[in-house]
Amino acid sequence: MRQKLNFLTTRRDVLRYGAAASSLAATGLGPASVLAQEGGEFDEFKIGIWSGVPNLDPEQNSIRTCIVCQNWIFDPLLFRDKDTNELKPYLATEYSYVGDNRWRFKIHEGVMFHNGEPLDAAAVKFSLERRKSDKVGSPFQTTFADVLDCEIIDDTTFEFVCANPFPMMPAYLPTFSIMPPKYYSEHDLSYLALNPVGSGPFKLVEFRPDDVVRVERNEDYWGEKPVIKRVTATIVQEDATRVASLLAGDFNITGRPVMEDFDRIDANPGTRVSATIGNRVVFAGFNFDMPPFDNKLVRQAANYAVDAAIINEVYLRSTGELMASALPSTVPGYDPAIEPYAYDPDKAKALLAEAGFPDGFETTIEVHPGWLIAGMEVTQAIANFLKEVGIKVNLVVSDAGTMAAHINDRTAGPIYVQSWGGNSTFDADSYIQVLFDEGSWSCNHMPEIGALVQAGRATADQAERIKVYQEACRIIHEEAPWIFLYLQPNTYGVTTDTDWEGRPDEMIPLYYLKKIA
Amino acid sequence: MLLYIARRLAHAIIVVWGAATLVFAILNLAPGDPAVNLVGENATEEKFEMVRQALGLNLPLHERYLNYLGDLLRGDLGVSWFVGQPVFDLLMDRLPSTIELTIVAALLCLPFAIVLGVVSALFRRTFVDFAANFVALFGISTPNFWLGVMLILLFAVNLHWLPSMGRGPGPGDVLAGLAAGDVAALQAWASHIILPAFTLGTFLMALVTRLTRTDILENLNKPYVKVARAKGMSPTGVITRHVLPNSMISVVTFIGLEVGALLGGAVVTESIFAWPGLGRLMIDSIMRRDFPVIQGGVLLVSFIFVFVNLLVDLLYLWLDPRIRLR
Amino acid sequence: MIKKILAELKANPLGQLAVLVIALVAVAILFGPSITPHDPEHFSLAQRNKPPAFLAGGSWTYVLGTDTHGRDVFSRIIIGARVSLGTAVAGVAISVLIGATLGLVAGFLGGLWDTVIMRLVDVLLSIPLILMALLVVAIMGPSTLNIILVMGGTGWIWHARIVRGNALRIREEQYVLAARASGGRAASIIWRHVLPNLLAPLMVTASMQVGYFIILESGLSFFGVTGSTLSWGWDIAFGRRYLASAWWIATFPGVAIFLAVLAFNLLGDVLRDVADPTNSAGRS
């Protein structure tokens with residue numbers, strides 16, 4: 001893994017000066033950066049968004065691309081550091097678990113929302129209540145079910161009261177937007193979907209759902225002032241067009257360029273690729289409800305049959321990171337001691353024979369290509385590897401709606417290719433619980449993992465939680481509910497005058513972005 | 001005459017009602033729970049129930065249908081499940097850019113198609129005719145999305161002549177600019193629309209070329225043409241003065257019938273060029289299972305089709321007194 | 001009839017091209033697996049994205065180059081004909097069957113039957129086919145069967161209108177009136193007198209509809225809605241992401257579609273000219 005990161009940071013080395021400058025500036029409330037002026041400002045900054053943005057009310061959607069745009073307008077209590085990916089205070093100045101299922105936070109004083117309302121403890125309490133309200137029906141409602149209340153201590157101090165220690169609390173906060181209470185209680189949901197008001201570095205100018213988001217710099221921002229005056233984010237879902245637009249000079253940053261175009265982007269004067277390891281695990285899950293995948297031997301055999309290293313090398317240009325179990329290396333609880341399944345087709349055949357399939361069998365693999373980078377290519381490659389050990393695989397391509405319904409009804413697959421980013425929490429719970437516990441977003445309900453999920457939630461002691469999740473990872477590795485593939489990189493095409501690198505959390509924050517002269 | 005119009009209106013309403021019922025049936029009889037796309041990934045059964053309740057998905061089918069028709073009669077198309085906006089507003093927001101694109105596509109391709117059609121009729125069964133037919137068929141034989149990507153690569157990436165995607169300033173801004181003597185807005189508008197309009201228009205060009213050719217050849221055998229020829233008029237003169245105006249009537253009728261295909265073509269073209277129109281709205285909504293938007297969109301498209309054809313018929317009535325008398 | 005077609009073809013070079021292309025496609029469909037130079041699904045990762053033979057770096061081993069898995073583009077085009085043509089032809093067959101039946105019912109029975117069927121035609125006509133197909137196939141679940149069904153379920157309106165029009169005309173003709181007067185059963189009248197007359201116009205529309213459905217299938221593939229990943233449409237849709245880096249992956253299947261659709265349209269022209277010599281627009 002280290003090696004991979006080094007490979008990916010070579011570009012950063014070239015840009016060391018810019019990177020150092022921005023890491024200084026990113027420490028928060030530093031003085032308005034002098035360095036920023038060296039590169040100057042972007043009057044108009046253009047971003048290509050790779051998927052739909054239907055709605056900008058943080059409590060009306062859980063769509064990644066919406067969250068990316070909302071982050072320009074709203075401030076979170078905590079945010080991840082761009083270099084270390086660690087959780088850092090943002091609106092908060094300090095936070096801690098104070099025992100008795102309580103998390104205490106202190107926030108900056110004197111922060112104002114764009115409409116002039118003060119951002120204080122009451123606004124946080126309001127935002128929490130809005131997330132939990134049946135009337136709003138937030139998709140995050142279930143996630144925050146264990147956060148019972150927000151108790152205001154004074155204007156800038158409050159405590160989240162939880163049903164248990166809720167150790168995932170901090171991890172969920174980067175995507176928890178603080179909203180102005182008066183504004184968000186005065187208007188109806190339709191209005192709020194189109195007209196977000198936050199306290200962030202940018203204010204909304206225009207929002208046309210699934211088409212364009214325009215924001216302008218918040219000149220009264222409490223934090224460091226961005227060097228970008230105006231941002232136009234255009235939704236271009238067509239991969240071929242998005243890359244072409246970057247090459248034609250119509251974008252400064254665009255997400256998910258086609259891997260095969262990396263060389264073109266780098267060779268094209270004025271553009272480059274930025275890639276970093278992320279939080280999104282890619283796997284080919286086995287539907288436990290469909291034989292023969294209720295048989296562990298068959299599942300293990302498939303893991304030995306597929307050469308994930310080759311898939312990573314060929315279709316992801318080695319930008320991915322091989323997985324041995326369910327957790328990415330970027331998440332506490334990851335156990336480096338577990339080795340990925342080796343590519344060993346003979347062993348795979350032996351296991352199949354032992355399971356009663358000496359001549360293999362026929363099955364189906366289902367994919368929605370849009371859910372992962374090079375989705376079609378990777379799925380076809382998996383099918384091809386399985387074919388070589390005698391498992392004949394028919395490929396079914398589903399659209400997003402069909403695939404989601406299949407996973408929910410437990411009728412996907414029986415082999416289904418999926419990716420999961422853990423809601424960018426980097427907390428093991430949002431992988432292990434969501435993917436294996438009861439009512440999971442998968443076809444892999446594992447009762448033995450349920451107990452560990454509860455154990456992981458019962459304590460706020462990180463060291464203890466790590467032990468629990470490492471245990472879970474060992475079980476998952478052995479049980480092989482998936483063909484373990486890789487951790488997907490976050491990739492971007494960027495103009496060379498833009499000092500910004502892709503982040504593990506899939507966000508595109510712009511407040512620390514600098515212009516290279 | 002009035003009776004005729006009244007009958008046509010009644011007919012139009014029946015067609016639109018039929019379209020509404022058809023799409024309702026497809027959406028609601030299909031397997032799968034549309035709520036799954038709304039609840040978030042690790043939702044509890046309670047949460048599912050809440051969402052279904054809120055969307056009225058728990059009601060029996062006939063009740064849902066009656067509610068749907070009732071809302072339609074009141075002019076209420078419902079609220080998008082994902083965008084959170086009234087469907088009517090969403091449609092009206094996207095409609096102008098699609099109309100703009102389809103009209104420009106038609107205008108861009110029609111003159112070309114008519115000239116090609118006339119030429120191939122004049123040079124019937126010669127190499128020119130075959131070549132023209134070949135060019136025309138290119139438009140209906142090439143997948144639009146392949147053509148679109150190739151055009152972007154050529155004109156935006158390699159030549160840097162045109163922008164790669166998106167819509168330029170609206171017609172309002174263009175007119176305001178022109179009024180102030182400024183052509184910048186016009187240029188921006190034209191440079192954005194030309195590639196998608198051409199891509200969308202190719203198939204119409206093909207069909208109209210072939211139609212014009214057939215129609216002109218048919219007319220050439222009519223008595224009035226023979227009379228004109230007997231009087232010493234040149235074939236070209238006959239065609240431009242007498243035949244072409246007649247053929248235009250069938251071309252207009254034909255375009256009326258192809259409005260649906262133009263709107264359908266817009267679904268692909270808009271996706272390639274990130275053109276913010278109805279087509280993309282429909283695709284996004286189908287992929288997310290945003291039922292109210294899908295229903296409203298199909299209804300609108302069906303309505304446009306019926307409306308345009310009603311107009312064409314009335315135009316016909318006005319142009320051709322023989323029908324009026326009948 | 002065959003004689004007439006041959007005579008027409010003699011004078012029509014585009015028609016000859018059409019027959020040639022359709023013959024090639026037929027060979028591809030009939031003998032596909034035994035004439036492909038490579039297994040169309042065989043990966044050879046060392047040979048990924050190889051350009052076609054006539055470009056620098058290409059080789060005659062892979063005449064039209066290879067795709068991103070190192071699969072032979074030429075072999076895939078040969079095999080892809082089965083799905084692309086098969087889907088379209090099956091869709092057209094169902095369309096013709098439904099369309100002819102409903103057209104006859106509307107034309108001969110008239111009255112309420114006619115009204116209901118023609119209103120149904122109007123409803124389907126008012127919804128763009130690609131939209132309808134996307135809606136149905138995405139929501140019912142993408143599969144080749146569903147694609148064929150939606151083609152048949154919507155495409156029949158082409159034929160129904162033509163059959164109805166012909167039926168209305170034929171109904172009044174002497175020989176039919178005579179047959180009816182002499183107490184012939186409706187079914188036998190239709191079978192003996194009506195259907196033969198409908199054959200030619202139906203062949204014209206059916207031929208053009210094959211081309212139309214091939215394009216439709218590729219349009220569905222573009223939106224990721226497909227029943228098979230071994231079709232021309234899918235290879236273009238899949239390969240379009242590589243148009244900038246390896247243009248041949250999407251372009252050669254595109255050429256295949258172009259030629260096939262062109263051929264079926266030209267065939268339709270030929271059939272029309274033969275079927276309707278009185279039509280002065282014809283080439284006779």
# chains A, B, ... in the order shown; residues from 1 in each chain; ligands from 1
$ residues_around --residues "Gly166 (chain B)" --least-positions-apart "4" --cutoff "12 Å" --atoms "only C-alpha atoms" --output "MDAnalysis selection string"
(chainID A and resid 48 211:212 232:238 241:242 245 250:251) or (chainID B and resid 97 101 152 162 170 188:196 269:277)
$ write_last_selection --atoms "C-alpha atoms" --output "PDB file, in the first residue's frame"
ATOM      1  CA  GLY A  48     -17.632  18.410 -14.072  1.00  0.00           C
ATOM      2  CA  ASP A 211     -27.996  20.289 -14.625  1.00  0.00           C
ATOM      3  CA  VAL A 212     -25.914  22.948 -12.948  1.00  0.00           C
ATOM      4  CA  THR A 232     -20.001  26.430 -11.939  1.00  0.00           C
ATOM      5  CA  ALA A 233     -20.543  22.722 -11.442  1.00  0.00           C
ATOM      6  CA  THR A 234     -22.124  21.046 -14.444  1.00  0.00           C
ATOM      7  CA  ILE A 235     -23.576  17.569 -14.301  1.00  0.00           C
ATOM      8  CA  VAL A 236     -22.216  15.535 -17.204  1.00  0.00           C
ATOM      9  CA  GLN A 237     -23.024  11.887 -16.697  1.00  0.00           C
ATOM     10  CA  GLU A 238     -21.617  10.782 -20.028  1.00  0.00           C
ATOM     11  CA  THR A 241     -18.118  13.779 -22.895  1.00  0.00           C
ATOM     12  CA  ARG A 242     -16.698  14.604 -19.489  1.00  0.00           C
ATOM     13  CA  SER A 245     -14.681  18.586 -21.957  1.00  0.00           C
ATOM     14  CA  ASP A 250     -14.179  23.368 -20.350  1.00  0.00           C
ATOM     15  CA  PHE A 251     -13.439  22.082 -16.824  1.00  0.00           C
TER      16      PHE A 251
ATOM     17  CA  SER B  97     -34.397  24.024 -24.112  1.00  0.00           C
ATOM     18  CA  LEU B 101     -32.985  22.080 -29.708  1.00  0.00           C
ATOM     19  CA  ILE B 152     -17.249  16.275 -29.805  1.00  0.00           C
ATOM     20  CA  LEU B 162     -16.806  24.493 -30.506  1.00  0.00           C
ATOM     21  CA  GLY B 170     -31.043  31.368 -23.829  1.00  0.00           C
ATOM     22  CA  ALA B 188     -22.176  31.572 -27.769  1.00  0.00           C
ATOM     23  CA  TRP B 189     -25.689  30.311 -28.372  1.00  0.00           C
ATOM     24  CA  ALA B 190     -24.927  29.049 -31.855  1.00  0.00           C
ATOM     25  CA  SER B 191     -21.643  27.410 -30.921  1.00  0.00           C
ATOM     26  CA  HIS B 192     -23.345  25.408 -28.184  1.00  0.00           C
ATOM     27  CA  ILE B 193     -26.350  24.292 -30.143  1.00  0.00           C
ATOM     28  CA  ILE B 194     -24.862  23.383 -33.484  1.00  0.00           C
ATOM     29  CA  LEU B 195     -23.406  19.971 -32.612  1.00  0.00           C
ATOM     30  CA  PRO B 196     -26.388  18.605 -30.669  1.00  0.00           C
ATOM     31  CA  THR B 269     -28.600  13.642 -27.820  1.00  0.00           C
ATOM     32  CA  GLU B 270     -29.219  15.550 -24.613  1.00  0.00           C
ATOM     33  CA  SER B 271     -27.392  12.901 -22.603  1.00  0.00           C
ATOM     34  CA  ILE B 272     -24.317  13.054 -24.824  1.00  0.00           C
ATOM     35  CA  PHE B 273     -24.110  16.846 -24.919  1.00  0.00           C
ATOM     36  CA  ALA B 274     -25.265  17.461 -21.333  1.00  0.00           C
ATOM     37  CA  TRP B 275     -28.094  19.500 -22.767  1.00  0.00           C
ATOM     38  CA  PRO B 276     -30.524  20.415 -19.986  1.00  0.00           C
ATOM     39  CA  GLY B 277     -33.768  19.310 -21.609  1.00  0.00           C
TER      40      GLY B 277
END
$ interface_residues --of "chain C" --to "chain B" --cutoff "7 Å" --atoms "only C-alpha atoms" --output "short mmCIF file (atom, residue, chain, number, x, y, z; two decimals) with N, CA and C atoms, in the first residue's frame"
data_model
loop_
_atom_site.label_atom_id
_atom_site.label_comp_id
_atom_site.auth_asym_id
_atom_site.auth_seq_id
_atom_site.Cartn_x
_atom_site.Cartn_y
_atom_site.Cartn_z
N LEU C 14 -27.51 0.21 -55.54
CA LEU C 14 -27.67 0.24 -54.08
C LEU C 14 -28.39 -1.01 -53.62
N ARG C 119 -57.42 4.11 -31.75
CA ARG C 119 -57.04 5.01 -30.65
C ARG C 119 -55.78 4.49 -29.96
N ASP C 122 -52.94 5.53 -31.89
CA ASP C 122 -52.64 6.95 -31.66
C ASP C 122 -51.89 7.15 -30.34
N VAL C 123 -52.32 6.41 -29.32
CA VAL C 123 -51.66 6.54 -28.01
C VAL C 123 -50.19 6.13 -28.14
N SER C 126 -47.98 8.51 -29.95
CA SER C 126 -47.71 9.79 -29.29
C SER C 126 -46.57 9.68 -28.28
N ILE C 127 -46.13 8.46 -27.97
CA ILE C 127 -45.01 8.31 -27.03
C ILE C 127 -43.79 7.85 -27.83
N PRO C 128 -42.68 8.61 -27.77
CA PRO C 128 -41.49 8.20 -28.53
C PRO C 128 -41.07 6.79 -28.17
N LEU C 129 -40.75 6.01 -29.19
CA LEU C 129 -40.46 4.59 -28.98
C LEU C 129 -39.30 4.38 -28.02
N ILE C 130 -38.23 5.17 -28.16
CA ILE C 130 -37.05 4.93 -27.32
C ILE C 130 -37.41 5.17 -25.85
N LEU C 131 -38.25 6.17 -25.61
CA LEU C 131 -38.67 6.47 -24.24
C LEU C 131 -39.49 5.32 -23.69
N LEU C 135 -38.38 2.85 -20.64
CA LEU C 135 -39.26 2.79 -19.48
C LEU C 135 -39.61 1.34 -19.18
N VAL C 136 -40.10 0.64 -20.19
CA VAL C 136 -40.56 -0.72 -19.96
C VAL C 136 -39.40 -1.63 -19.61
N ILE C 139 -37.77 -0.86 -16.20
CA ILE C 139 -38.62 -1.11 -15.04
C ILE C 139 -39.01 -2.58 -14.92
N MET C 140 -39.21 -3.24 -16.04
CA MET C 140 -39.54 -4.67 -15.97
C MET C 140 -38.29 -5.52 -15.75
N ILE C 215 -31.16 -0.08 -34.56
CA ILE C 215 -30.76 1.20 -33.97
C ILE C 215 -31.36 1.34 -32.57
N SER C 218 -29.35 -0.50 -30.05
CA SER C 218 -28.11 0.18 -29.70
C SER C 218 -28.40 1.37 -28.79
N ARG C 240 -17.70 3.32 -26.52
CA ARG C 240 -17.69 4.77 -26.72
C ARG C 240 -16.80 5.47 -25.71
N GLY C 254 -20.08 0.01 -35.14
CA GLY C 254 -20.92 1.09 -35.68
C GLY C 254 -21.06 0.96 -37.19
N ILE C 257 -23.45 -1.83 -37.93
CA ILE C 257 -24.84 -1.38 -37.80
C ILE C 257 -25.24 -0.52 -38.98
N PHE C 258 -24.35 0.39 -39.33
CA PHE C 258 -24.64 1.29 -40.45
C PHE C 258 -24.95 0.49 -41.70
N VAL C 261 -28.33 -1.63 -41.32
CA VAL C 261 -29.55 -0.81 -41.35
C VAL C 261 -29.74 -0.24 -42.75
N LEU C 262 -28.63 0.21 -43.32
CA LEU C 262 -28.68 0.72 -44.69
C LEU C 262 -29.25 -0.36 -45.61
N SER C 280 -45.37 6.05 -59.17
CA SER C 280 -44.44 6.71 -60.07
C SER C 280 -43.15 7.09 -59.37
N ALA C 281 -43.19 7.02 -58.03
CA ALA C 281 -41.98 7.35 -57.31
C ALA C 281 -40.96 6.23 -57.43
N ARG C 283 -38.64 3.18 -58.99
CA ARG C 283 -37.49 3.30 -59.86
C ARG C 283 -37.72 2.59 -61.19
#
$ closest_atom_pairs --of "chain A" --to "chain B" --cutoff "8 Å" --atoms "only C-alpha atoms" --output "Markdown table"
| residue | atom | partner | partner_atom | distance |
| --- | --- | --- | --- | --- |
| A:Gly52 | CA | B:Asp284 | CA | 7.5 |
| A:Pro54 | CA | B:Val83 | CA | 4.8 |
| A:Asn55 | CA | B:Val83 | CA | 5.0 |
| A:Gln60 | CA | B:Phe82 | CA | 7.9 |
| A:Asn61 | CA | B:Phe82 | CA | 7.5 |
| A:Ser62 | CA | B:Gly40 | CA | 6.4 |
| A:Gly137 | CA | B:Val51 | CA | 7.6 |
| A:Pro139 | CA | B:Gly40 | CA | 4.8 |
| A:Phe140 | CA | B:Gly40 | CA | 7.0 |
| A:Thr142 | CA | B:Ala43 | CA | 6.1 |
| A:Thr143 | CA | B:Asn42 | CA | 7.8 |
| A:Leu189 | CA | B:Gly84 | CA | 6.8 |
| A:Ser190 | CA | B:Gly84 | CA | 4.9 |
| A:Tyr191 | CA | B:Gln85 | CA | 7.8 |
| A:Ala193 | CA | B:Gly84 | CA | 6.2 |
| A:Pro209 | CA | B:Val83 | CA | 6.8 |
| A:Asp210 | CA | B:Leu281 | CA | 7.8 |
| A:Asp211 | CA | B:Pro276 | CA | 5.9 |
| A:Ile235 | CA | B:Ala274 | CA | 7.2 |
| A:Val236 | CA | B:Ala274 | CA | 5.5 |
| A:Gln237 | CA | B:Ser271 | CA | 7.4 |
| A:Glu238 | CA | B:Ile272 | CA | 6.0 |
| A:Ala240 | CA | B:Val149 | CA | 7.0 |
| A:Thr241 | CA | B:Ile272 | CA | 6.5 |
| A:Ala244 | CA | B:Val157 | CA | 6.1 |
| A:Ser245 | CA | B:Ser164 | CA | 5.3 |
| A:Leu247 | CA | B:Val157 | CA | 6.1 |
| A:Ala248 | CA | B:Val157 | CA | 4.8 |
| A:Asp250 | CA | B:Ser164 | CA | 7.3 |
| A:Asp399 | CA | B:Met287 | CA | 6.6 |
| A:Ala400 | CA | B:Met287 | CA | 6.2 |
| A:Gly401 | CA | B:Arg288 | CA | 5.5 |
| A:Thr402 | CA | B:Gly32 | CA | 7.6 |
| A:Ala404 | CA | B:Val36 | CA | 6.8 |
| A:Ala405 | CA | B:Gly32 | CA | 5.7 |
| A:His406 | CA | B:Gly32 | CA | 7.7 |
| A:Asn408 | CA | B:Val36 | CA | 7.0 |
| A:Asp409 | CA | B:Gly32 | CA | 7.9 |
| A:Val434 | CA | B:Asn42 | CA | 5.8 |
| A:Gly439 | CA | B:Thr44 | CA | 6.7 |
| A:Ser440 | CA | B:Asn42 | CA | 6.0 |
| A:Trp441 | CA | B:Glu41 | CA | 5.7 |
$ interface_residues --of "chain C" --to "chain A" --cutoff "12 Å" --atoms "only C-alpha atoms" --output "PyMOL selection string"
chain C and resi 41-49+67-71+134-144+220-230+234-235+237-247
$ write_last_selection --atoms "C-alpha atoms" --output "PDB file, in the first residue's frame"
ATOM      1  CA  GLU C  41     -15.064 -13.848 -25.683  1.00  0.00           C
ATOM      2  CA  HIS C  42     -11.470 -14.905 -25.297  1.00  0.00           C
ATOM      3  CA  PHE C  43      -9.355 -12.496 -23.288  1.00  0.00           C
ATOM      4  CA  SER C  44      -5.745 -11.924 -24.204  1.00  0.00           C
ATOM      5  CA  LEU C  45      -4.588  -9.198 -21.892  1.00  0.00           C
ATOM      6  CA  ALA C  46      -1.224  -8.946 -23.601  1.00  0.00           C
ATOM      7  CA  GLN C  47      -3.025  -7.870 -26.769  1.00  0.00           C
ATOM      8  CA  ARG C  48      -5.292  -5.195 -25.297  1.00  0.00           C
ATOM      9  CA  ASN C  49      -6.421  -2.252 -27.424  1.00  0.00           C
ATOM     10  CA  ASP C  67     -10.866  -4.275 -27.367  1.00  0.00           C
ATOM     11  CA  THR C  68      -9.895  -3.482 -23.831  1.00  0.00           C
ATOM     12  CA  HIS C  69      -9.841  -7.179 -22.865  1.00  0.00           C
ATOM     13  CA  GLY C  70      -7.828  -8.089 -25.920  1.00  0.00           C
ATOM     14  CA  ARG C  71     -10.865  -9.661 -27.568  1.00  0.00           C
ATOM     15  CA  LEU C 134     -36.404   2.439 -21.901  1.00  0.00           C
ATOM     16  CA  LEU C 135     -39.257   2.786 -19.483  1.00  0.00           C
ATOM     17  CA  VAL C 136     -40.563  -0.722 -19.965  1.00  0.00           C
ATOM     18  CA  VAL C 137     -37.248  -2.525 -20.177  1.00  0.00           C
ATOM     19  CA  ALA C 138     -35.623  -0.681 -17.273  1.00  0.00           C
ATOM     20  CA  ILE C 139     -38.620  -1.111 -15.036  1.00  0.00           C
ATOM     21  CA  MET C 140     -39.540  -4.667 -15.971  1.00  0.00           C
ATOM     22  CA  GLY C 141     -35.880  -5.680 -15.799  1.00  0.00           C
ATOM     23  CA  PRO C 142     -33.389  -5.618 -18.664  1.00  0.00           C
ATOM     24  CA  SER C 143     -33.380  -8.814 -20.731  1.00  0.00           C
ATOM     25  CA  THR C 144     -33.409  -9.706 -24.404  1.00  0.00           C
ATOM     26  CA  LEU C 220     -31.009   1.013 -25.223  1.00  0.00           C
ATOM     27  CA  SER C 221     -27.449  -0.246 -24.824  1.00  0.00           C
ATOM     28  CA  PHE C 222     -26.300   3.367 -24.666  1.00  0.00           C
ATOM     29  CA  PHE C 223     -28.346   3.781 -21.491  1.00  0.00           C
ATOM     30  CA  GLY C 224     -26.948   0.543 -20.075  1.00  0.00           C
ATOM     31  CA  VAL C 225     -30.176  -1.309 -20.683  1.00  0.00           C
ATOM     32  CA  THR C 226     -29.410  -4.528 -22.499  1.00  0.00           C
ATOM     33  CA  GLY C 227     -30.112  -8.210 -22.526  1.00  0.00           C
ATOM     34  CA  SER C 228     -26.799  -9.288 -23.965  1.00  0.00           C
ATOM     35  CA  THR C 229     -23.278  -7.983 -23.950  1.00  0.00           C
ATOM     36  CA  LEU C 230     -22.457  -9.665 -27.230  1.00  0.00           C
ATOM     37  CA  TRP C 234     -23.553  -3.010 -26.723  1.00  0.00           C
ATOM     38  CA  ASP C 235     -20.063  -2.963 -28.207  1.00  0.00           C
ATOM     39  CA  ALA C 237     -22.102   1.659 -26.162  1.00  0.00           C
ATOM     40  CA  PHE C 238     -19.320   0.001 -24.194  1.00  0.00           C
ATOM     41  CA  GLY C 239     -16.609   1.136 -26.575  1.00  0.00           C
ATOM     42  CA  ARG C 240     -17.689   4.769 -26.725  1.00  0.00           C
ATOM     43  CA  ARG C 241     -15.716   5.457 -23.560  1.00  0.00           C
ATOM     44  CA  TYR C 242     -12.649   4.462 -25.553  1.00  0.00           C
ATOM     45  CA  LEU C 243     -13.405   6.516 -28.635  1.00  0.00           C
ATOM     46  CA  ALA C 244     -10.619   8.889 -27.683  1.00  0.00           C
ATOM     47  CA  SER C 245      -8.035   6.196 -26.921  1.00  0.00           C
ATOM     48  CA  ALA C 246      -9.055   3.240 -29.109  1.00  0.00           C
ATOM     49  CA  TRP C 247     -11.620   4.408 -31.612  1.00  0.00           C
TER      50      TRP C 247
END
$ residues_around --residues "Tyr65 (chain B)" --least-positions-apart "5" --cutoff "10 Å" --atoms "only C-alpha atoms" --output "list in words"
Thr21, Phe24, Ala25, Asn28, Leu59, Pro60, Gly70 and Asp71 of chain B
